[in-house]
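J.: What follows is a single structure, and I will ask about it in a moment.
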Amino acid sequence: MLLLELFWSFVKIGFTSFGGLSMIPLISSEMISHNWMNAHEVSDIVAIAEMTPGPLGLNCATFAGMRAAGLAGAIVANIGALAPTFTLCFAAAVFFEHFNRNKRLAQIMTGVRPACVGMVAGVVIQLALANYADSAGGVHVPSLILGLINLILLMKFKISIPKVILFSALMGVILFGVIGL
């Protein structure tokens with residue numbers, strides 16, 4: 001039953017998102033609503049999925065499925081997440097020429113894009129609360145400073161993402177492991 005629920009959750013995620021970051025709010029909602037994970041665990045899954053090679057949505061499905069039901073869960077979650085994509089790609093391939101010149105479809109996509117941006121913004125806020133709040137409900141200043149440094153490294157200095165992740169991991173060990181902030 002758990003595998004069927006996991007499959008169905010990721011089918012819904014696949015059909016109602018457009019891959020990548022837009023999957024995260026839906027994955028978070030499904031994982032938390034089924035009590036398969038809490039917000040901090042979802043945040044960890046997203047961080048791990050960002051660090052590993054491959055599409056973010058599939059990496060999240062793999063790790064979430066593994067967390068919820070082991071290897072079988074990871075396989076089922078990936079099949080569920082991919083099933084809508086395969087279905088829609090097949091349908092799009094069949095009707096490609098018609099869709100390519102369809103004014104209504106262009107109008108629909110104009111409305112869908114802002115919805116995706118809004119969902120990503122919601123996840124950013126949820127992840128910020130999970131990562132930058134301390135146990136008393138205030139702001140964990142060392143985490144916030146580390147996040148701002150990472151943002152500057154990425155945006156201003158154009159440091160590559162893997163290097164920033166490595167820097168963050170090293171700083172996490174030093175600040176939160178060795179020093180104990």
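Letters A, B, ... go to the chains of the structure tokens in the order shown; residues in each chain start at 1; ligands are counted from 1 in the same order.
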Report as a ChimeraX atom specification: the residues of region 118-161 of chain A with a DSSP assignment of alpha helix (DSSP H), based on the backbone of this structure.
T.: /A:118-132,141-155,161
J.: Show which residues sit within 8 Å of Ile24 (chain A), as a ChimeraX atom specification. Count only C-alpha atoms, and ignore same-chain residues fewer than 5 positions away.
T.: /A:46,57,60,120,123
J.: Counting only C-alpha atoms, figure out which residue out of A:Cys89, A:Ala128, A:Val112, A:Ala74 gets nearest to Thr62 (chain A).
T.: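 Smallest distance to Thr62 (chain A) is found for A:Ala74.
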J.: May I have the residues within 12 Å of Ser43 (chain A) as a list of chain:residue names, using only C-alpha atoms and disregarding those fewer than 6 positions away in the same chain?
T.: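 In the requested format, the answer is A:Ile24, A:Pro25, A:Ile27, A:Ser28, A:Ser29, A:Met31, A:Ile32, A:Met37, A:Ala49, A:Glu50, A:Cys60, A:Phe63, A:Ala64, A:Val123, A:Val124, A:Ile125, A:Gln126, A:Leu127, A:Ala128, A:Leu129, A:Ala130, A:Asn131, A:Tyr132.
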J.: Need to verify the contact set: Ile13 (chain A), 8 Å, only C-alpha atoms, exclusion of same-chain residues closer than 4 positions in sequence. Can you return it as an MDAnalysis selection string?
T.: chainID A and resid 9 17 23 26:27 81
J.: Mind checking which residues fall within 12 Å of region 142-152 of chain A, counting only C-alpha atoms, ignoring those fewer than 3 positions away in the same chain, and posting them as a PyMOL selection string?
T.: chain A and resi 127-134+138-139+155-172+174-176+179-181
